[in-house]
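For reference, entry_13.cif is printed below; it contains mmCIF, C-alpha atoms; chains and numbers go by the auth columns.
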data_data
#
loop_
_atom_site.group_PDB
_atom_site.id
_atom_site.type_symbol
_atom_site.label_atom_id
_atom_site.label_comp_id
_atom_site.label_asym_id
_atom_site.label_seq_id
_atom_site.Cartn_x
_atom_site.Cartn_y
_atom_site.Cartn_z
_atom_site.B_iso_or_equiv
_atom_site.auth_seq_id
_atom_site.auth_asym_id
ATOM 1 C CA MET A 1 75.006 29.234 60.040 0.00 190 A
ATOM 2 C CA LYS A 2 78.038 29.565 62.344 0.00 191 A
ATOM 3 C CA LEU A 3 75.703 30.055 65.304 0.00 192 A
ATOM 4 C CA PHE A 4 73.832 26.869 64.390 0.00 193 A
ATOM 5 C CA ILE A 5 77.084 24.879 64.236 0.00 194 A
ATOM 6 C CA ALA A 6 78.274 26.302 67.548 0.00 195 A
ATOM 7 C CA LEU A 7 74.959 25.529 69.259 0.00 196 A
ATOM 8 C CA SER A 8 74.922 22.011 67.820 0.00 197 A
ATOM 9 C CA ALA A 9 78.442 21.372 69.116 0.00 198 A
ATOM 10 C CA LEU A 10 77.519 22.759 72.530 0.00 199 A
ATOM 11 C CA LEU A 11 74.424 20.537 72.743 0.00 200 A
ATOM 12 C CA ALA A 12 76.454 17.489 71.711 0.00 201 A
ATOM 13 C CA VAL A 13 79.004 18.162 74.449 0.00 202 A
ATOM 14 C CA ALA A 14 76.259 18.750 77.023 0.00 203 A
ATOM 15 C CA ALA A 15 74.569 15.481 76.053 0.00 204 A
ATOM 16 C CA ALA A 16 77.844 13.556 76.308 0.00 205 A
ATOM 17 C CA VAL A 17 78.663 15.068 79.694 0.00 206 A
ATOM 18 C CA GLY A 18 75.168 14.313 80.915 0.00 207 A
ATOM 19 C CA ASP A 19 75.745 10.575 80.408 0.00 208 A
ATOM 20 C CA TYR A 20 78.947 10.570 82.466 0.00 209 A
ATOM 21 C CA HIS A 21 78.504 10.631 86.237 0.00 210 A
ATOM 22 C CA VAL A 22 81.159 10.243 88.897 0.00 211 A
ATOM 23 C CA GLU A 23 80.126 10.028 92.513 0.00 212 A
ATOM 24 C CA PRO A 24 82.107 12.636 94.492 0.00 213 A
ATOM 25 C CA LYS A 25 84.384 11.101 97.072 0.00 214 A
ATOM 26 C CA HIS A 26 85.824 12.844 100.108 0.00 215 A
ATOM 27 C CA ILE A 27 89.573 12.324 100.379 0.00 216 A
ATOM 28 C CA PRO A 28 91.077 13.561 103.644 0.00 217 A
ATOM 29 C CA ILE A 29 94.199 15.688 103.840 0.00 218 A
ATOM 30 C CA ILE A 30 96.590 13.924 106.205 0.00 219 A
ATOM 31 C CA HIS A 31 99.248 16.651 106.364 0.00 220 A
ATOM 32 C CA SER A 32 99.363 20.313 105.380 0.00 221 A
ATOM 33 C CA GLU A 33 101.538 23.352 106.044 0.00 222 A
ATOM 34 C CA LEU A 34 101.509 26.994 105.012 0.00 223 A
ATOM 35 C CA LEU A 35 104.210 29.488 105.901 0.00 224 A
ATOM 36 C CA GLN A 36 104.209 33.110 104.743 0.00 225 A
ATOM 37 C CA SER A 37 106.483 36.008 105.548 0.00 226 A
ATOM 38 C CA SER A 38 105.929 39.727 105.222 0.00 227 A
ATOM 39 C CA ASP A 39 108.655 39.971 102.540 0.00 228 A
ATOM 40 C CA GLY A 40 106.745 37.780 100.081 0.00 229 A
ATOM 41 C CA GLN A 41 108.345 34.425 100.819 0.00 230 A
ATOM 42 C CA PHE A 42 106.031 31.446 101.133 0.00 231 A
ATOM 43 C CA LYS A 43 106.057 27.704 101.498 0.00 232 A
ATOM 44 C CA TYR A 44 103.158 25.312 101.418 0.00 233 A
ATOM 45 C CA GLY A 45 102.500 21.657 101.004 0.00 234 A
ATOM 46 C CA TYR A 46 99.995 18.924 101.635 0.00 235 A
ATOM 47 C CA GLU A 47 99.510 15.198 101.391 0.00 236 A
ATOM 48 C CA SER A 48 96.176 13.512 100.861 0.00 237 A
ATOM 49 C CA ALA A 49 95.089 10.054 101.972 0.00 238 A
ATOM 50 C CA ASN A 50 95.100 8.821 98.363 0.00 239 A
ATOM 51 C CA GLY A 51 98.831 9.556 97.951 0.00 240 A
ATOM 52 C CA ILE A 52 98.805 12.980 96.304 0.00 241 A
ATOM 53 C CA VAL A 53 101.769 15.016 97.554 0.00 242 A
ATOM 54 C CA VAL A 54 102.224 18.709 96.712 0.00 243 A
ATOM 55 C CA GLN A 55 104.889 21.183 97.817 0.00 244 A
ATOM 56 C CA GLU A 56 105.853 24.647 96.635 0.00 245 A
ATOM 57 C CA GLU A 57 107.932 27.538 97.853 0.00 246 A
ATOM 58 C CA GLY A 58 108.700 30.915 96.414 0.00 247 A
ATOM 59 C CA HIS A 59 109.560 34.552 96.804 0.00 248 A
ATOM 60 C CA VAL A 60 109.506 37.883 95.015 0.00 249 A
ATOM 61 C CA LYS A 61 112.713 38.445 93.057 0.00 250 A
ATOM 62 C CA ASN A 62 113.923 42.059 92.814 0.00 251 A
ATOM 63 C CA ALA A 63 111.346 43.127 95.395 0.00 252 A
ATOM 64 C CA GLY A 64 110.779 46.855 95.450 0.00 253 A
ATOM 65 C CA THR A 65 112.370 47.433 92.055 0.00 254 A
ATOM 66 C CA LYS A 66 109.688 48.926 89.838 0.00 255 A
ATOM 67 C CA ASP A 67 109.114 46.998 86.586 0.00 256 A
ATOM 68 C CA HIS A 68 111.630 44.315 87.616 0.00 257 A
ATOM 69 C CA GLU A 69 109.778 42.417 90.358 0.00 258 A
ATOM 70 C CA VAL A 70 109.223 38.777 89.481 0.00 259 A
ATOM 71 C CA ASN A 71 107.304 36.106 91.367 0.00 260 A
ATOM 72 C CA VAL A 72 109.459 32.985 91.567 0.00 261 A
ATOM 73 C CA ALA A 73 108.164 29.592 92.648 0.00 262 A
ATOM 74 C CA HIS A 74 109.453 26.042 92.522 0.00 263 A
ATOM 75 C CA GLY A 75 107.864 22.879 93.672 0.00 264 A
ATOM 76 C CA SER A 76 106.624 19.434 92.835 0.00 265 A
ATOM 77 C CA TYR A 77 103.607 17.203 92.924 0.00 266 A
ATOM 78 C CA SER A 78 103.143 13.476 92.672 0.00 267 A
ATOM 79 C CA TYR A 79 100.284 11.011 92.477 0.00 268 A
ATOM 80 C CA VAL A 80 99.462 7.524 91.253 0.00 269 A
ATOM 81 C CA ASP A 81 97.580 7.454 87.947 0.00 270 A
ATOM 82 C CA PRO A 82 94.484 5.271 87.363 0.00 271 A
ATOM 83 C CA HIS A 83 96.725 2.467 86.040 0.00 272 A
ATOM 84 C CA GLY A 84 98.794 2.383 89.240 0.00 273 A
ATOM 85 C CA VAL A 85 101.800 4.179 87.755 0.00 274 A
ATOM 86 C CA PRO A 86 103.489 6.781 89.983 0.00 275 A
ATOM 87 C CA VAL A 87 103.691 10.217 88.357 0.00 276 A
ATOM 88 C CA SER A 88 106.001 12.951 89.610 0.00 277 A
ATOM 89 C CA VAL A 89 106.440 16.482 88.285 0.00 278 A
ATOM 90 C CA SER A 90 108.871 19.159 89.425 0.00 279 A
ATOM 91 C CA TYR A 91 108.659 22.716 88.173 0.00 280 A
ATOM 92 C CA VAL A 92 110.007 26.239 88.266 0.00 281 A
ATOM 93 C CA ALA A 93 107.960 29.331 87.492 0.00 282 A
ATOM 94 C CA ASP A 94 109.834 32.598 87.057 0.00 283 A
ATOM 95 C CA GLU A 95 110.610 35.320 84.527 0.00 284 A
ATOM 96 C CA ASN A 96 111.187 32.563 81.960 0.00 285 A
ATOM 97 C CA GLY A 97 107.691 31.127 82.371 0.00 286 A
ATOM 98 C CA PHE A 98 106.538 27.780 83.728 0.00 287 A
ATOM 99 C CA GLN A 99 108.968 24.908 83.158 0.00 288 A
ATOM 100 C CA ALA A 100 107.821 21.458 84.209 0.00 289 A
ATOM 101 C CA HIS A 101 109.946 18.308 84.275 0.00 290 A
ATOM 102 C CA GLY A 102 108.768 14.731 84.559 0.00 291 A
ATOM 103 C CA SER A 103 109.616 11.451 82.873 0.00 292 A
ATOM 104 C CA HIS A 104 106.039 11.120 81.574 0.00 293 A
ATOM 105 C CA LEU A 105 105.975 14.567 79.925 0.00 294 A
ATOM 106 C CA PRO A 106 106.546 14.683 76.177 0.00 295 A
ATOM 107 C CA THR A 107 109.773 16.203 74.949 0.00 296 A
ATOM 108 C CA PRO A 108 110.262 17.907 71.607 0.00 297 A
ATOM 109 C CA PRO A 109 112.262 16.072 68.969 0.00 298 A
ATOM 110 C CA PRO A 110 115.840 17.217 68.441 0.00 299 A
ATOM 111 C CA LEU A 111 116.411 20.044 65.975 0.00 300 A
ATOM 112 C CA PRO A 112 117.617 18.936 62.554 0.00 301 A
ATOM 113 C CA LYS A 113 121.351 19.351 61.999 0.00 302 A
ATOM 114 C CA GLU A 114 120.708 21.714 59.059 0.00 303 A
ATOM 115 C CA LEU A 115 118.663 24.054 61.250 0.00 304 A
ATOM 116 C CA ILE A 116 121.329 24.118 63.959 0.00 305 A
ATOM 117 C CA GLU A 117 123.953 24.922 61.321 0.00 306 A
ATOM 118 C CA ALA A 118 121.771 27.682 59.832 0.00 307 A
ATOM 119 C CA TYR A 119 121.257 29.253 63.292 0.00 308 A
ATOM 120 C CA ALA A 120 125.001 29.107 63.931 0.00 309 A
ATOM 121 C CA LYS A 121 125.761 30.726 60.561 0.00 310 A
ATOM 122 C CA VAL A 122 123.275 33.558 61.112 0.00 311 A
ATOM 123 C CA GLY A 123 124.494 34.077 64.673 0.00 312 A
ATOM 124 C CA SER A 124 128.127 34.310 63.610 0.00 313 A
ATOM 125 C CA HIS A 125 127.510 37.234 61.231 0.00 314 A
ATOM 126 C CA PRO A 126 126.782 40.588 62.833 0.00 315 A
ATOM 127 C CA GLU A 127 123.825 42.422 61.433 0.00 316 A
ATOM 128 C CA GLN A 128 124.753 44.357 58.376 0.00 317 A
ATOM 129 C CA HIS A 129 123.389 47.824 57.831 0.00 318 A
ATOM 130 C CA HIS A 130 121.278 47.933 54.715 0.00 319 A
ATOM 131 C CA GLU A 131 120.501 51.262 53.112 0.00 320 A
ATOM 132 C CA GLU A 132 116.881 52.061 52.530 0.00 321 A
ATOM 133 C CA PRO A 133 115.684 51.429 49.014 0.00 322 A
ATOM 134 C CA GLU A 134 115.581 54.543 46.881 0.00 323 A
ATOM 135 C CA VAL A 135 111.782 54.604 46.988 0.00 324 A
ATOM 136 C CA TYR A 136 111.779 55.211 50.792 0.00 325 A
ATOM 137 C CA LYS A 137 114.477 57.881 50.988 0.00 326 A
ATOM 138 C CA GLY A 138 113.209 61.308 51.884 0.00 327 A
ATOM 139 C CA HIS A 139 109.606 60.241 52.429 0.00 328 A
#
Represent the structure of the file as structure tokens.
Amino acid sequence: MKLFIALSALLAVAAAVGDYHVEPKHIPIIHSELLQSSDGQFKYGYESANGIVVQEEGHVKNAGTKDHEVNVAHGSYSYVDPHGVPVSVSYVADENGFQAHGSHLPTPPPLPKELIEAYAKVGSHPEQHHEEPEVYKGH
């Protein structure tokens, strides 16, 4: 039964995609650069004729330190959306993951005051050592 549902969904998607056709369009790159060094540093960027601009640079942090090397990159890209609105994103990618920033990106709602207070209360009390329940001792 699950296979039938999965196949039905796949066929529905294939049928929907089959009705949608976009003629490919060649968009020239009007500027590009790529710089690399032997120590892992890099920088690249390009601009296309339709206004897309991309740039990124990065390096290896803690190079040569086993289990502590981290690829670090930061950059940005911008384009004009189909409604004519300029969109710009800047980002950092490092040991903390990928963090993007842009005015069009959704942001999480603020934490409720009660949750902030609860975190502060828990954080202000050092962990207390709890003895094992009698049932676990010696086993």
Separation of CA of Glu245 in chain A and CA of Ala262 in chain A, in Å?
6.8 Å
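The space separating CA of Ser265 in chain A from CA of Lys214 in chain A comes to 24.1 Å.
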May I ask for the distance between CA of Gly240 in chain A and CA of Ser292 in chain A, given in Å to one decimal place?
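It comes out at 18.6 Å.
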List the neighbours of Gln244 in chain A out to 10 Å using all atoms listed in the file; skip same-chain residues closer than 3 positions along the sequence, and give me the result as a list in words.
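Residues meeting the cut-off are Ser221, Glu222, Leu223, Lys232, Tyr233, Gly234, Tyr235, Glu236, His263, Gly264, Ser265, Tyr266, Ser267 and Ser279 of chain A.
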Selected residue of minimal separation from Tyr268 in chain A among A:Ser313, A:Gln225, A:Ser237, A:Gln230, counting only C-alpha atoms:
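Counting only C-alpha atoms, the residue closest to Tyr268 in chain A is A:Ser237.
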